[in-house]
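To start, the structure under review is shown below, and the notes come after it.
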Amino acid sequence: AVPISFPKEVKVVSQNQLGLVDDIDLEVGSDLFIVGFPFGFGAGDYFPIWKRGTIASEPLFEPDGLPRFYIDSSTKPGMSGAPVFATESRDYFDVGKEAGEAFAEVQRGEANALEAITKIDPANMQHFIKKEFRLVGIYSGRIVPGGEDPNIGIVWQKRLIDELFSDPSGPAIQKFMIGE
């Protein structure tokens, strides 16, 4: 959102390197991770801590008409503004270079699917499991009604972030700023 310049000798790691996906379902009880620096603490002072949380309210319902949902998590000061990710482990198969090239030919219209399938050698197939990540929003603190702390945090939905940077005067932003 805000351009930052780094010296050449600094290695920059970002969420873009996670290979984010958009098709992980969100539902009550789903695990999430809040990635931040509780009390300013990090792993080796540079890397964030991944705190687990659970979706505690229906993510499609917007409390008070605001694009947010609640999570059950033991978060701490220093986590506000942290990205929140859903994760899912998925099965993949590497079918080998020849099969990959054959499927590329199908996509280009140079071969048919049957020809591509016959080039798959089951002996060369490699199964692997990969953890996928979906950015679902930004964590913004806990609800503390009457001074009691039920360990319920607020996650502002990703679409609010998208709207903020594409249309800063949009309806979701106005509702958020006015507190309707």
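Here, A, B, ... name the chains of the structure tokens in the order displayed, residue numbers run from 1 inside each chain, and ligands are numbered from 1 in the same displayed order.
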Write out, as CSV, each residue of segment 107-152 of chain A that has an atom at most 9 Å from segment 53-76 of chain A, together with the closest pair of atoms and their distance in Å to one decimal, counting only C-alpha atoms, rows going by chain and rising number.
residue,atom,partner,partner_atom,distance
A:Gly137,CA,A:Arg68,CA,8.4
A:Gly141,CA,A:Thr75,CA,7.9
A:Arg142,CA,A:Thr75,CA,7.8
A:Pro150,CA,A:Asp72,CA,8.3
A:Asn151,CA,A:Ser74,CA,5.6
A:Ile152,CA,A:Asp72,CA,4.8
Would you save the residues from that selection as a PDB file, in the first residue's frame, using all heavy atoms?
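Saved the output as part14.pdb:
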ATOM      1  N   GLY A 137      -7.972 -11.071   5.784  1.00  0.00           N
ATOM      2  CA  GLY A 137      -8.213  -9.744   6.321  1.00  0.00           C
ATOM      3  C   GLY A 137      -7.081  -9.250   7.193  1.00  0.00           C
ATOM      4  O   GLY A 137      -5.974  -9.790   7.171  1.00  0.00           O
ATOM      5  N   GLY A 141      -7.450  -5.869  16.817  1.00  0.00           N
ATOM      6  CA  GLY A 141      -7.594  -5.777  18.264  1.00  0.00           C
ATOM      7  C   GLY A 141      -8.727  -6.637  18.802  1.00  0.00           C
ATOM      8  O   GLY A 141      -9.410  -7.328  18.062  1.00  0.00           O
ATOM      9  N   ARG A 142      -8.904  -6.552  20.123  1.00  0.00           N
ATOM     10  CA  ARG A 142      -9.865  -7.404  20.807  1.00  0.00           C
ATOM     11  C   ARG A 142     -11.045  -6.601  21.322  1.00  0.00           C
ATOM     12  O   ARG A 142     -10.957  -5.412  21.568  1.00  0.00           O
ATOM     13  CB  ARG A 142      -9.182  -8.103  21.971  1.00  0.00           C
ATOM     14  CG  ARG A 142      -8.162  -9.105  21.499  1.00  0.00           C
ATOM     15  CD  ARG A 142      -7.040  -9.327  22.462  1.00  0.00           C
ATOM     16  NE  ARG A 142      -7.383  -9.877  23.741  1.00  0.00           N
ATOM     17  CZ  ARG A 142      -6.809 -10.928  24.260  1.00  0.00           C
ATOM     18  NH1 ARG A 142      -5.906 -11.575  23.573  1.00  0.00           N
ATOM     19  NH2 ARG A 142      -7.111 -11.344  25.454  1.00  0.00           N
ATOM     20  N   PRO A 150     -12.899 -11.595  26.727  1.00  0.00           N
ATOM     21  CA  PRO A 150     -13.305 -12.944  26.323  1.00  0.00           C
ATOM     22  C   PRO A 150     -12.387 -13.562  25.255  1.00  0.00           C
ATOM     23  O   PRO A 150     -12.708 -14.597  24.696  1.00  0.00           O
ATOM     24  CB  PRO A 150     -14.708 -12.725  25.762  1.00  0.00           C
ATOM     25  CG  PRO A 150     -14.667 -11.338  25.209  1.00  0.00           C
ATOM     26  CD  PRO A 150     -13.730 -10.563  26.117  1.00  0.00           C
ATOM     27  N   ASN A 151     -11.243 -12.920  24.954  1.00  0.00           N
ATOM     28  CA  ASN A 151     -10.316 -13.393  23.912  1.00  0.00           C
ATOM     29  C   ASN A 151     -10.978 -13.437  22.536  1.00  0.00           C
ATOM     30  O   ASN A 151     -10.745 -14.350  21.759  1.00  0.00           O
ATOM     31  CB  ASN A 151      -9.720 -14.762  24.260  1.00  0.00           C
ATOM     32  CG  ASN A 151      -8.690 -14.666  25.348  1.00  0.00           C
ATOM     33  OD1 ASN A 151      -8.006 -13.660  25.488  1.00  0.00           O
ATOM     34  ND2 ASN A 151      -8.575 -15.715  26.137  1.00  0.00           N
ATOM     35  N   ILE A 152     -11.806 -12.437  22.256  1.00  0.00           N
ATOM     36  CA  ILE A 152     -12.454 -12.315  20.953  1.00  0.00           C
ATOM     37  C   ILE A 152     -11.842 -11.129  20.219  1.00  0.00           C
ATOM     38  O   ILE A 152     -11.827 -10.017  20.725  1.00  0.00           O
ATOM     39  CB  ILE A 152     -13.986 -12.112  21.089  1.00  0.00           C
ATOM     40  CG1 ILE A 152     -14.618 -13.278  21.850  1.00  0.00           C
ATOM     41  CG2 ILE A 152     -14.636 -11.912  19.715  1.00  0.00           C
ATOM     42  CD1 ILE A 152     -14.497 -14.620  21.148  1.00  0.00           C
TER      43      ILE A 152
END
Shell of 12 Å around Val12 of chain A, only C-alpha atoms, local chain residues under 6 positions omitted, as JSON, numbers by chain: {"A": [4, 5, 6, 46, 47]}
Mind giving me the straight-line distance from atom CA of Lys131 of chain A to atom CA of Gly81 of chain A in Å, one decimal? 23.5 Å
Can you tell me, as a VMD selection string, what residues are no more than 10 Å from Asp121 of chain A when counting only C-alpha atoms, ignoring any on the same chain fewer than 2 positions away? chain A and resid 95 to 96 98 to 99 117 to 119 123 to 125
Take the residues from that selection and write them out as a PDB file, in the first residue's frame, keeping N, CA and C atoms.
ATOM      1  N   VAL A  95       3.509 -34.736 -12.556  1.00  0.00           N
ATOM      2  CA  VAL A  95       3.374 -35.811 -13.537  1.00  0.00           C
ATOM      3  C   VAL A  95       4.586 -35.946 -14.450  1.00  0.00           C
ATOM      4  N   GLY A  96       5.596 -35.131 -14.246  1.00  0.00           N
ATOM      5  CA  GLY A  96       6.807 -35.229 -15.050  1.00  0.00           C
ATOM      6  C   GLY A  96       6.828 -34.212 -16.176  1.00  0.00           C
ATOM      7  N   GLU A  98       7.578 -34.517 -19.462  1.00  0.00           N
ATOM      8  CA  GLU A  98       6.950 -34.861 -20.746  1.00  0.00           C
ATOM      9  C   GLU A  98       5.443 -34.639 -20.683  1.00  0.00           C
ATOM     10  N   ALA A  99       4.807 -35.066 -19.600  1.00  0.00           N
ATOM     11  CA  ALA A  99       3.359 -34.885 -19.472  1.00  0.00           C
ATOM     12  C   ALA A  99       3.015 -33.405 -19.373  1.00  0.00           C
ATOM     13  N   ILE A 117      -2.765 -37.438 -22.102  1.00  0.00           N
ATOM     14  CA  ILE A 117      -2.934 -38.419 -21.023  1.00  0.00           C
ATOM     15  C   ILE A 117      -2.049 -39.638 -21.245  1.00  0.00           C
ATOM     16  N   THR A 118      -1.901 -40.063 -22.488  1.00  0.00           N
ATOM     17  CA  THR A 118      -1.080 -41.246 -22.759  1.00  0.00           C
ATOM     18  C   THR A 118       0.400 -41.000 -22.478  1.00  0.00           C
ATOM     19  N   LYS A 119       0.796 -39.739 -22.353  1.00  0.00           N
ATOM     20  CA  LYS A 119       2.194 -39.421 -22.056  1.00  0.00           C
ATOM     21  C   LYS A 119       2.488 -39.410 -20.556  1.00  0.00           C
ATOM     22  N   ALA A 123       4.763 -44.256 -13.119  1.00  0.00           N
ATOM     23  CA  ALA A 123       5.993 -44.508 -12.367  1.00  0.00           C
ATOM     24  C   ALA A 123       6.748 -43.211 -12.088  1.00  0.00           C
ATOM     25  N   ASN A 124       6.513 -42.190 -12.916  1.00  0.00           N
ATOM     26  CA  ASN A 124       7.204 -40.911 -12.733  1.00  0.00           C
ATOM     27  C   ASN A 124       6.400 -39.901 -11.917  1.00  0.00           C
ATOM     28  N   MET A 125       5.184 -40.255 -11.526  1.00  0.00           N
ATOM     29  CA  MET A 125       4.347 -39.317 -10.775  1.00  0.00           C
ATOM     30  C   MET A 125       4.854 -39.180  -9.341  1.00  0.00           C
TER      31      MET A 125
END
What are the DSSP helix (DSSP H, G or I) residues of segment 18-178 of chain A, as a ChimeraX atom specification? /A:18,38-40,63-65,97-107,113-118,122-124,145-147,158-166,171-178
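Here atom CA of Ile24 of chain A stands at a distance of 22.7 Å from atom CA of Pro48 of chain A.
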Which of segment 39-124 of chain A counts as strand (DSSP E or B) under DSSP, as a list in words please?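 Selection result, strand (DSSP E or B) within segment 39-124 of chain A: Ala43, Phe47, Ile49, Trp50, Lys51, Arg52, Gly53, Thr54, Ile55, Arg68, Phe69, Tyr70, Ile71, Asp72, Pro83, Val84, Phe85, Ala86, Thr87, Glu88, Ser89, Arg90, Asp91, Tyr92, Phe93 and Asp94 of chain A.
Closest approach to Ala102 of chain A among A:Ala86, A:Pro77, A:Leu20, A:Ile120 is made by A:Ile120 (distances from only C-alpha atoms).
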Got a sec: who's within 12 Å of Gly42 of chain A, counting only C-alpha atoms, leaving out chain neighbours fewer than 6 positions off, as a PyMOL selection string? chain A and resi 35-36+48-51+78-79
Can you write just those residues out, N, CA and C atoms, as a PDB file, in the first residue's frame?
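result_39.pdb, written as the output of this step:
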ATOM      1  N   VAL A  35      -0.527 -13.017  11.926  1.00  0.00           N
ATOM      2  CA  VAL A  35       0.924 -12.981  11.773  1.00  0.00           C
ATOM      3  C   VAL A  35       1.431 -11.606  12.203  1.00  0.00           C
ATOM      4  N   GLY A  36       2.037 -11.553  13.380  1.00  0.00           N
ATOM      5  CA  GLY A  36       2.489 -10.266  13.883  1.00  0.00           C
ATOM      6  C   GLY A  36       3.544 -10.385  14.955  1.00  0.00           C
ATOM      7  N   PRO A  48       7.918 -12.616  12.087  1.00  0.00           N
ATOM      8  CA  PRO A  48       6.734 -12.537  12.941  1.00  0.00           C
ATOM      9  C   PRO A  48       6.382 -13.872  13.584  1.00  0.00           C
ATOM     10  N   ILE A  49       5.509 -13.774  14.557  1.00  0.00           N
ATOM     11  CA  ILE A  49       4.954 -14.943  15.233  1.00  0.00           C
ATOM     12  C   ILE A  49       3.603 -15.250  14.597  1.00  0.00           C
ATOM     13  N   TRP A  50       3.355 -16.527  14.339  1.00  0.00           N
ATOM     14  CA  TRP A  50       2.083 -16.964  13.764  1.00  0.00           C
ATOM     15  C   TRP A  50       1.199 -17.478  14.896  1.00  0.00           C
ATOM     16  N   LYS A  51       0.237 -16.657  15.319  1.00  0.00           N
ATOM     17  CA  LYS A  51      -0.680 -17.037  16.403  1.00  0.00           C
ATOM     18  C   LYS A  51      -1.943 -17.629  15.787  1.00  0.00           C
ATOM     19  N   GLY A  78       0.422  -5.377  19.900  1.00  0.00           N
ATOM     20  CA  GLY A  78       1.462  -5.532  18.885  1.00  0.00           C
ATOM     21  C   GLY A  78       0.980  -6.345  17.699  1.00  0.00           C
ATOM     22  N   MET A  79      -0.213  -6.933  17.822  1.00  0.00           N
ATOM     23  CA  MET A  79      -0.751  -7.747  16.730  1.00  0.00           C
ATOM     24  C   MET A  79      -1.674  -6.929  15.819  1.00  0.00           C
TER      25      MET A  79
END
